[in-house]
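Next comes run38.txt, with compact mmCIF, C-alpha atoms and all ligand atoms.
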```txt
# COMPACT_ATOMS: atom_id res chain seq x y z
CA MET A 1 -43.41 -22.52 48.34
CA ASN A 2 -41.57 -21.81 51.58
CA ASP A 3 -40.31 -24.59 53.86
CA SER A 4 -42.84 -24.05 56.63
CA LEU A 5 -45.79 -24.41 54.19
CA LYS A 6 -44.19 -27.52 52.67
CA SER A 7 -43.75 -29.04 56.08
CA LYS A 8 -47.36 -28.27 57.12
CA ILE A 9 -48.66 -29.83 53.89
CA ASN A 10 -46.51 -32.91 54.52
CA GLU A 11 -47.79 -33.06 58.10
CA TYR A 12 -51.39 -33.11 56.75
CA LYS A 13 -50.60 -35.75 54.10
CA ASP A 14 -48.75 -37.97 56.58
CA ALA A 15 -51.62 -37.75 59.07
CA VAL A 16 -54.16 -38.74 56.40
CA ASN A 17 -52.02 -41.55 54.96
CA LYS A 18 -51.39 -42.99 58.42
CA LYS A 19 -55.10 -43.03 59.28
CA LEU A 20 -56.13 -44.43 55.88
CA ASP A 21 -53.70 -47.28 56.45
CA GLU A 22 -55.10 -47.81 59.93
CA TYR A 23 -58.79 -47.66 58.96
CA LEU A 24 -58.36 -50.03 56.01
CA LYS A 25 -57.11 -52.93 58.10
CA VAL A 26 -57.10 -56.17 56.14
CA GLN A 27 -59.77 -58.62 57.27
CA TYR A 28 -61.29 -61.77 55.85
CA PRO A 29 -61.90 -62.02 52.90
CA GLU A 30 -58.49 -60.45 52.26
CA GLU A 31 -59.01 -60.00 48.50
CA ILE A 32 -61.52 -57.15 48.92
CA TRP A 33 -59.44 -55.25 51.49
CA ASP A 34 -56.30 -55.71 49.39
CA SER A 35 -58.15 -54.28 46.42
CA MET A 36 -59.50 -51.31 48.43
CA ARG A 37 -56.05 -50.63 49.91
CA TYR A 38 -54.39 -50.95 46.50
CA SER A 39 -56.30 -47.95 45.16
CA VAL A 40 -56.59 -45.79 48.26
CA LEU A 41 -52.96 -46.17 49.30
CA SER A 42 -51.48 -45.85 45.83
CA GLY A 43 -50.28 -42.27 46.08
CA GLY A 44 -52.38 -39.48 44.67
CA LYS A 45 -52.00 -35.82 45.38
CA ARG A 46 -54.44 -35.89 48.32
CA ILE A 47 -55.76 -32.48 47.30
CA ARG A 48 -59.24 -33.14 48.75
CA PRO A 49 -57.98 -34.15 52.23
CA LEU A 50 -55.65 -31.14 52.20
CA LEU A 51 -58.63 -28.89 51.50
CA VAL A 52 -60.57 -30.45 54.38
CA LEU A 53 -57.77 -30.10 56.92
CA GLU A 54 -56.54 -26.67 55.94
CA THR A 55 -60.02 -25.16 55.71
CA CYS A 56 -60.67 -26.40 59.25
CA ASN A 57 -57.32 -25.06 60.43
CA ALA A 58 -57.77 -21.68 58.69
CA LEU A 59 -61.04 -21.17 60.57
CA SER A 60 -59.29 -21.88 63.88
CA GLY A 61 -60.63 -25.42 64.11
CA ASP A 62 -58.60 -28.40 65.30
CA TYR A 63 -57.56 -30.11 62.09
CA LEU A 64 -57.07 -33.43 63.90
CA LYS A 65 -60.84 -33.60 64.34
CA ALA A 66 -61.24 -33.33 60.55
CA ILE A 67 -58.96 -36.28 59.70
CA PRO A 68 -61.74 -38.95 59.62
CA VAL A 69 -63.85 -36.94 57.17
CA ALA A 70 -60.74 -36.14 55.08
CA CYS A 71 -60.05 -39.91 54.88
CA ALA A 72 -63.68 -40.66 54.05
CA ILE A 73 -63.66 -38.17 51.17
CA GLU A 74 -60.41 -39.66 49.85
CA MET A 75 -62.07 -43.11 49.96
CA LEU A 76 -65.04 -41.76 48.01
CA HIS A 77 -62.66 -40.16 45.50
CA SER A 78 -60.77 -43.48 45.14
CA GLN A 79 -64.04 -45.33 44.65
CA SER A 80 -65.01 -42.95 41.86
CA LEU A 81 -61.62 -43.48 40.19
CA ILE A 82 -61.87 -47.29 40.42
CA HIS A 83 -65.31 -47.26 38.80
CA ASP A 84 -64.37 -44.56 36.29
CA ASP A 85 -61.46 -46.72 35.07
CA LEU A 86 -63.62 -49.81 34.44
CA PRO A 87 -64.03 -51.08 30.86
CA CYS A 88 -67.74 -50.12 30.93
CA MET A 89 -66.78 -46.52 31.75
CA ASP A 90 -63.49 -44.87 30.68
CA ASN A 91 -61.62 -48.16 30.26
CA ASP A 92 -58.22 -47.13 31.57
CA ASP A 93 -55.22 -49.36 32.20
CA TYR A 94 -53.23 -46.93 34.35
CA ARG A 95 -53.97 -44.69 37.31
CA ARG A 96 -51.49 -42.92 39.54
CA GLY A 97 -48.69 -44.55 37.55
CA LYS A 98 -49.86 -48.08 38.36
CA LEU A 99 -52.17 -50.61 36.74
CA THR A 100 -55.81 -49.80 37.43
CA ASN A 101 -57.68 -51.78 40.07
CA HIS A 102 -59.55 -54.06 37.64
CA LYS A 103 -56.32 -54.84 35.76
CA VAL A 104 -54.83 -56.21 38.99
CA PHE A 105 -57.84 -57.68 40.80
CA GLY A 106 -60.30 -58.35 37.96
CA GLU A 107 -63.51 -56.50 37.14
CA SER A 108 -65.81 -58.08 39.70
CA THR A 109 -63.46 -57.36 42.62
CA ALA A 110 -62.87 -53.80 41.36
CA VAL A 111 -66.64 -53.14 41.25
CA LEU A 112 -67.00 -54.57 44.74
CA ALA A 113 -63.97 -52.65 46.08
CA GLY A 114 -65.60 -49.43 44.88
CA ASP A 115 -68.90 -50.40 46.48
CA ALA A 116 -67.13 -51.39 49.70
CA LEU A 117 -65.28 -48.06 49.89
CA LEU A 118 -68.52 -46.20 49.34
CA SER A 119 -70.21 -47.88 52.28
CA PHE A 120 -67.09 -47.94 54.49
CA ALA A 121 -66.28 -44.22 54.17
CA PRO A 122 -69.41 -42.89 55.95
CA GLN A 123 -68.83 -45.38 58.76
CA ILE A 124 -65.48 -43.68 59.33
CA ILE A 125 -67.22 -40.31 59.63
CA LEU A 126 -69.81 -41.77 61.96
CA GLN A 127 -67.45 -43.70 64.23
CA HIS A 128 -64.40 -41.46 64.39
CA THR A 129 -65.42 -37.80 64.03
CA LYS A 130 -65.38 -36.06 67.37
CA CYS A 131 -67.98 -33.33 66.98
CA GLU A 132 -71.57 -32.57 67.93
CA ASP A 133 -74.12 -35.03 66.54
CA SER A 134 -75.87 -32.27 64.59
CA ILE A 135 -72.62 -31.49 62.72
CA LYS A 136 -71.94 -35.18 62.17
CA LEU A 137 -75.39 -35.60 60.62
CA LYS A 138 -74.77 -32.62 58.33
CA LEU A 139 -71.37 -34.06 57.29
CA LEU A 140 -73.03 -37.36 56.44
CA GLU A 141 -75.90 -35.71 54.59
CA GLU A 142 -73.50 -33.70 52.41
CA PHE A 143 -71.31 -36.77 51.87
CA PHE A 144 -74.26 -38.84 50.61
CA ILE A 145 -75.62 -36.06 48.42
CA SER A 146 -72.19 -35.51 46.85
CA ALA A 147 -71.73 -39.22 46.12
CA GLY A 148 -75.18 -39.72 44.67
CA ALA A 149 -77.43 -39.16 41.68
CA GLU A 150 -77.62 -35.40 42.31
CA LYS A 151 -73.85 -34.81 42.03
CA LEU A 152 -71.05 -37.28 41.26
CA ILE A 153 -73.24 -39.82 39.52
CA ALA A 154 -75.17 -37.09 37.66
CA GLY A 155 -71.89 -35.74 36.26
CA GLN A 156 -70.72 -39.20 35.23
CA VAL A 157 -74.03 -40.08 33.54
CA VAL A 158 -74.09 -36.90 31.46
CA ASP A 159 -70.37 -37.34 30.66
CA ILE A 160 -70.95 -40.83 29.29
CA ALA A 161 -74.09 -39.78 27.41
CA SER A 162 -72.17 -36.89 25.83
CA GLU A 163 -69.36 -38.95 24.32
CA GLY A 164 -69.06 -38.29 20.60
CA LYS A 165 -71.53 -35.39 20.75
CA GLN A 166 -70.96 -31.66 20.31
CA ILE A 167 -72.23 -30.49 23.70
CA ASP A 168 -72.77 -26.86 24.73
CA LYS A 169 -71.05 -24.97 27.55
CA ASN A 170 -73.89 -25.54 30.03
CA THR A 171 -73.62 -29.30 29.58
CA LEU A 172 -69.83 -29.18 29.85
CA ASP A 173 -70.11 -27.15 33.06
CA PHE A 174 -72.80 -29.47 34.43
CA ILE A 175 -70.55 -32.51 33.95
CA HIS A 176 -67.57 -31.00 35.72
CA LYS A 177 -69.38 -29.09 38.46
CA ASN A 178 -70.65 -32.51 39.48
CA LYS A 179 -67.83 -34.92 38.58
CA THR A 180 -65.02 -32.76 39.94
CA GLY A 181 -66.49 -29.70 41.65
CA ALA A 182 -68.75 -31.63 44.02
CA LEU A 183 -65.89 -33.24 45.95
CA PHE A 184 -63.95 -29.96 46.13
CA CYS A 185 -67.05 -28.31 47.64
CA LEU A 186 -67.65 -31.25 49.97
CA SER A 187 -64.03 -31.11 51.18
CA VAL A 188 -63.97 -27.40 51.90
CA ARG A 189 -67.44 -27.40 53.46
CA SER A 190 -66.69 -30.42 55.66
CA GLY A 191 -63.52 -28.79 57.04
CA ALA A 192 -65.45 -25.57 57.63
CA MET A 193 -68.35 -27.34 59.38
CA ILE A 194 -66.00 -29.09 61.79
CA ALA A 195 -64.47 -25.70 62.61
CA GLY A 196 -68.00 -24.44 63.37
CA ALA A 197 -68.20 -22.00 60.45
CA ASP A 198 -71.27 -19.78 60.15
CA GLY A 199 -73.55 -19.77 57.10
CA LYS A 200 -71.91 -16.80 55.41
CA THR A 201 -68.42 -18.29 55.72
CA LEU A 202 -69.70 -21.60 54.35
CA GLU A 203 -71.22 -19.75 51.40
CA ASN A 204 -67.99 -17.87 50.66
CA LEU A 205 -65.93 -21.03 50.91
CA THR A 206 -68.34 -22.87 48.63
CA GLU A 207 -67.80 -20.18 46.00
CA PHE A 208 -64.03 -20.57 46.49
CA ALA A 209 -64.32 -24.37 46.09
CA LYS A 210 -66.47 -24.10 42.96
CA LYS A 211 -63.84 -21.92 41.33
CA ILE A 212 -60.88 -24.13 42.17
CA GLY A 213 -62.88 -27.25 41.22
CA LEU A 214 -63.52 -25.85 37.75
CA ALA A 215 -59.93 -24.60 37.50
CA PHE A 216 -58.69 -28.08 38.46
CA GLN A 217 -60.78 -29.64 35.68
CA ILE A 218 -59.49 -27.17 33.08
CA SER A 219 -55.92 -28.00 34.12
CA ASP A 220 -56.77 -31.72 33.98
CA ASP A 221 -58.15 -31.33 30.44
CA ILE A 222 -55.02 -29.47 29.34
CA LEU A 223 -52.76 -32.11 30.90
CA ASP A 224 -54.71 -34.92 29.23
CA GLU A 225 -53.57 -33.40 25.93
CA THR A 226 -50.05 -32.23 26.80
CA ALA A 227 -48.64 -34.61 29.44
CA THR A 228 -47.15 -38.09 29.10
CA LEU A 229 -48.10 -41.39 30.77
CA GLU A 230 -45.10 -40.96 33.08
CA THR A 231 -46.01 -37.47 34.29
CA LEU A 232 -49.77 -38.00 34.24
CA GLY A 233 -49.77 -41.47 35.81
CA LYS A 234 -52.61 -42.45 33.43
CA THR A 235 -52.99 -42.84 29.69
CA PRO A 236 -52.96 -39.41 27.98
CA HIS A 237 -55.25 -38.31 25.10
CA LYS A 238 -58.13 -40.40 26.44
CA ASP A 239 -60.62 -37.55 26.07
CA LYS A 240 -59.92 -37.07 22.38
CA GLN A 241 -60.01 -40.82 21.74
CA ALA A 242 -63.40 -41.09 23.46
CA GLY A 243 -64.71 -38.15 21.40
CA LYS A 244 -65.25 -36.04 24.52
CA VAL A 245 -65.66 -32.29 24.47
CA THR A 246 -63.28 -30.83 27.06
CA TYR A 247 -62.54 -27.30 28.22
CA LEU A 248 -59.49 -27.46 25.96
CA SER A 249 -61.34 -28.59 22.85
CA PHE A 250 -64.18 -26.15 23.59
CA TYR A 251 -62.08 -23.02 24.17
CA GLY A 252 -58.68 -23.78 22.60
CA MET A 253 -55.42 -23.62 24.54
CA GLU A 254 -55.05 -19.85 24.90
CA GLU A 255 -58.59 -19.20 26.11
CA ALA A 256 -58.59 -22.30 28.36
CA LYS A 257 -55.42 -21.04 30.08
CA LYS A 258 -56.92 -17.55 30.44
CA ARG A 259 -59.99 -19.02 32.11
CA LEU A 260 -57.85 -21.13 34.39
CA ASP A 261 -55.86 -18.05 35.37
CA PHE A 262 -59.02 -16.04 35.97
CA LEU A 263 -60.67 -18.74 38.10
CA CYS A 264 -57.55 -19.11 40.27
CA SER A 265 -57.16 -15.40 40.83
CA SER A 266 -60.85 -14.94 41.63
CA ALA A 267 -60.62 -17.86 44.08
CA CYS A 268 -57.71 -16.10 45.82
CA ASP A 269 -59.76 -12.86 45.85
CA ILE A 270 -62.56 -14.66 47.71
CA LEU A 271 -60.11 -15.70 50.42
CA GLU A 272 -58.67 -12.21 50.70
CA LYS A 273 -61.99 -10.33 50.64
CA ASN A 274 -63.40 -12.54 53.35
CA LYS A 275 -60.25 -12.50 55.45
CA ILE A 276 -59.75 -16.24 55.26
CA ASN A 277 -56.06 -16.15 56.01
CA SER A 278 -54.60 -19.33 54.67
CA ASP A 279 -51.31 -19.46 52.81
CA ILE A 280 -51.97 -23.14 52.16
CA LEU A 281 -55.38 -22.63 50.48
CA ARG A 282 -53.73 -19.89 48.42
CA GLU A 283 -50.81 -22.16 47.58
CA ILE A 284 -53.13 -25.02 46.54
CA THR A 285 -54.98 -22.58 44.26
CA LEU A 286 -51.74 -21.33 42.70
CA SER A 287 -50.50 -24.89 42.24
CA ILE A 288 -53.62 -25.73 40.19
CA ASN A 289 -52.62 -22.94 37.80
CA GLU A 290 -48.96 -23.99 37.88
CA ARG A 291 -49.80 -27.57 36.82
CA VAL A 292 -50.01 -26.54 33.16
CA LYS A 293 -47.09 -24.06 33.10
C1 LIG A 301 -70.09 -42.14 43.67
C2 LIG A 301 -71.41 -44.26 43.37
C3 LIG A 301 -70.50 -43.28 42.82
C4 LIG A 301 -70.07 -43.42 41.55
C5 LIG A 301 -69.08 -42.57 40.95
C6 LIG A 301 -67.41 -43.11 38.32
C7 LIG A 301 -68.16 -41.95 38.85
C8 LIG A 301 -69.44 -42.22 39.55
C9 LIG A 301 -67.74 -40.68 38.74
C10 LIG A 301 -66.45 -40.30 38.11
C11 LIG A 301 -65.85 -39.18 38.86
C12 LIG A 301 -64.48 -38.84 38.34
C13 LIG A 301 -63.54 -39.94 38.01
C14 LIG A 301 -64.14 -37.56 38.23
C15 LIG A 301 -62.80 -37.12 37.80
C16 LIG A 301 -62.28 -36.16 38.82
C17 LIG A 301 -60.81 -35.93 38.69
C18 LIG A 301 -60.36 -34.65 38.10
C19 LIG A 301 -59.95 -36.86 39.10
C20 LIG A 301 -58.50 -36.71 39.20
O1 LIG A 301 -58.23 -36.23 40.51
P1 LIG A 301 -56.76 -36.06 41.07
O2 LIG A 301 -55.88 -35.50 40.00
O3 LIG A 301 -56.34 -37.56 41.32
O4 LIG A 301 -56.83 -35.30 42.33
P2 LIG A 301 -55.26 -38.12 42.37
O5 LIG A 301 -54.78 -39.39 41.70
O6 LIG A 301 -54.15 -37.12 42.52
O7 LIG A 301 -55.99 -38.37 43.62
```
How does the structure come out when it is put into structure tokens?
Ligand code: GRG
Amino acid sequence: MNDSLKSKINEYKDAVNKKLDEYLKVQYPEEIWDSMRYSVLSGGKRIRPLLVLETCNALSGDYLKAIPVACAIEMLHSQSLIHDDLPCMDNDDYRRGKLTNHKVFGESTAVLAGDALLSFAPQIILQHTKCEDSIKLKLLEEFFISAGAEKLIAGQVVDIASEGKQIDKNTLDFIHKNKTGALFCLSVRSGAMIAGADGKTLENLTEFAKKIGLAFQISDDILDETATLETLGKTPHKDKQAGKVTYLSFYGMEEAKKRLDFLCSSACDILEKNKINSDILREITLSINERVK
């Protein structure tokens, strides 16, 4: 990646991290804000906020206007990780190279920190996004749908119900289109809506986001098997231990990598065909493929 792309990506990440820190100001009772801050400000690749800001920028929007929604989506993502790590779900001790939220703050505070992030995030969109009310309403509608029983929660429910079972490809796709793909789509669409994208552009970008969302999950499944606690930041081999079917166990390594490659190159084709000129969206796509190289 060239230096100017690296510096733009760092500019985006710094802007998001600064605002997250600002929005999540500690108040009484401190315990809950400390717990929320612990997870949200604990690193992470910030891929979803980057997608929001760069999609807005690539469509000639002002990316600064998209920062509140980028932060809100990162809060939602953090909430889903806190709850996913709980003993009643995936039961993980490590996340982003640190102890999981419930290991530090206890289960009841971790549940409440997730709940608090989920209700705080849309307030950030509502109070801080400078755009027309009709766009703000649409951002909120898509945020709530993505977080709810039609998307994120649907994926999680079917994932849990499928543990130890030999599921088919449609079920596997359903889980990950919702658990992972939904927030990729929400990110790209939110950035595009703030830039004032038309329906056709939104459709094309949704197709792009679906492909990189699935690609990201395939790379995640491969890394769960091949990476270490140090590089992964969380306990490896969890999927196998939980008896989960993954893209890796379903297709085998060679085919899984082929699919990952295909999804990333067709995502880049969508950008090119539709003249969405963004070296950063392209670079993010390539980096998803590079994760497992
Ligand atoms: C929304 C109310 C509500 C509940 C959430 C727990 C749950 C229901 C859903 C689980 C969603 C989940 C954990 C999906 C996994 C997605 C995924 C690939 C996470 C890893 O993302 P990275 O690698 O993480 O971008 P970093 O740490 O870099 O941010």
Practice problem: For ligand LIG 301 (chain A), list the contacting residues at 7 Å or closer, counting all atoms listed in the file, as a PyMOL selection string. | Solution: chain A and resi 43-47+76+79-81+83-84+95-96+118+147-148+152-153+155-156+179-180+216-217+220
Quiz item: Which is closest to Lys211 in chain A among A:Phe120, A:Tyr94, A:Tyr247, A:Phe262, if we use only C-alpha atoms?
Solution: A:Phe262
Quiz item: Quick one: residues within 8 Å of range 185-200 of chain A, only C-alpha atoms counted, chain neighbours fewer than 4 positions away excluded, as an MDAnalysis selection string?
Solution: chainID A and resid 48:49 51:57 59:63 65:66 69:70 73 131 135 139 142:143 146 181 204:206 209:210 213
Go ahead and write the residues just picked, C-alpha atoms, as a PDB file, keeping the file's coordinate frame.
```pdb
ATOM      1  CA  ARG A  48     -59.240 -33.140  48.750  1.00  0.00           C
ATOM      2  CA  PRO A  49     -57.980 -34.150  52.230  1.00  0.00           C
ATOM      3  CA  LEU A  51     -58.630 -28.890  51.500  1.00  0.00           C
ATOM      4  CA  VAL A  52     -60.570 -30.450  54.380  1.00  0.00           C
ATOM      5  CA  LEU A  53     -57.770 -30.100  56.920  1.00  0.00           C
ATOM      6  CA  GLU A  54     -56.540 -26.670  55.940  1.00  0.00           C
ATOM      7  CA  THR A  55     -60.020 -25.160  55.710  1.00  0.00           C
ATOM      8  CA  CYS A  56     -60.670 -26.400  59.250  1.00  0.00           C
ATOM      9  CA  ASN A  57     -57.320 -25.060  60.430  1.00  0.00           C
ATOM     10  CA  LEU A  59     -61.040 -21.170  60.570  1.00  0.00           C
ATOM     11  CA  SER A  60     -59.290 -21.880  63.880  1.00  0.00           C
ATOM     12  CA  GLY A  61     -60.630 -25.420  64.110  1.00  0.00           C
ATOM     13  CA  ASP A  62     -58.600 -28.400  65.300  1.00  0.00           C
ATOM     14  CA  TYR A  63     -57.560 -30.110  62.090  1.00  0.00           C
ATOM     15  CA  LYS A  65     -60.840 -33.600  64.340  1.00  0.00           C
ATOM     16  CA  ALA A  66     -61.240 -33.330  60.550  1.00  0.00           C
ATOM     17  CA  VAL A  69     -63.850 -36.940  57.170  1.00  0.00           C
ATOM     18  CA  ALA A  70     -60.740 -36.140  55.080  1.00  0.00           C
ATOM     19  CA  ILE A  73     -63.660 -38.170  51.170  1.00  0.00           C
ATOM     20  CA  CYS A 131     -67.980 -33.330  66.980  1.00  0.00           C
ATOM     21  CA  ILE A 135     -72.620 -31.490  62.720  1.00  0.00           C
ATOM     22  CA  LEU A 139     -71.370 -34.060  57.290  1.00  0.00           C
ATOM     23  CA  GLU A 142     -73.500 -33.700  52.410  1.00  0.00           C
ATOM     24  CA  PHE A 143     -71.310 -36.770  51.870  1.00  0.00           C
ATOM     25  CA  SER A 146     -72.190 -35.510  46.850  1.00  0.00           C
ATOM     26  CA  GLY A 181     -66.490 -29.700  41.650  1.00  0.00           C
ATOM     27  CA  ASN A 204     -67.990 -17.870  50.660  1.00  0.00           C
ATOM     28  CA  LEU A 205     -65.930 -21.030  50.910  1.00  0.00           C
ATOM     29  CA  THR A 206     -68.340 -22.870  48.630  1.00  0.00           C
ATOM     30  CA  ALA A 209     -64.320 -24.370  46.090  1.00  0.00           C
ATOM     31  CA  LYS A 210     -66.470 -24.100  42.960  1.00  0.00           C
ATOM     32  CA  GLY A 213     -62.880 -27.250  41.220  1.00  0.00           C
TER      33      GLY A 213
END
```
Quiz prompt | Selected residue, from A:Ala116, A:Val104, A:Thr171, A:Ala72, that lies nearest to Leu140 in chain A when counting only C-alpha atoms | solution =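 Answer, going by the shortest atom-to-atom distance: A:Ala72.
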Quiz prompt | From A:Asn277, A:Met1, A:Asp173, A:Leu183, residue lying nearest Glu290 in chain A [all atoms listed in the file] | solution = A:Met1
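With all atoms listed in the file as the atoms that count, the residue of A:Val157, A:Glu11, A:Ala182, A:Leu5 with the shortest distance to Ile145 in chain A is A:Ala182.
Proximity of A:Asp3, A:Ile125, A:Ile32, A:Phe184 to His77 in chain A, computed with all atoms listed in the file, is greatest for A:Phe184.
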Quiz prompt | Exercise: Leu99 in chain A partners within 12 Å, all atoms listed in the file, chain neighbours under 2 positions left out, as an NGL selection string | solution = :A and (35 or 38-39 or 42 or 82 or 85-86 or 91-97 or 101-106 or 229 or 233-235)
Quiz prompt | Test item: residues at most 12 Å from Leu260 in chain A, all atoms listed in the file, excluding those fewer than 6 positions along its chain, as a list in words | solution =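 Answer for this query is Lys211, Ile212, Gly213, Leu214, Ala215, Phe216, Gln217, Ile218, Ser219, Asp220, Asp221, Ile222, Tyr247, Leu248, Tyr251, Met253, Glu254, Ser266, Ala267, Thr285, Leu286, Ser287, Ile288, Asn289, Glu290, Arg291, Val292 and Lys293 of chain A.
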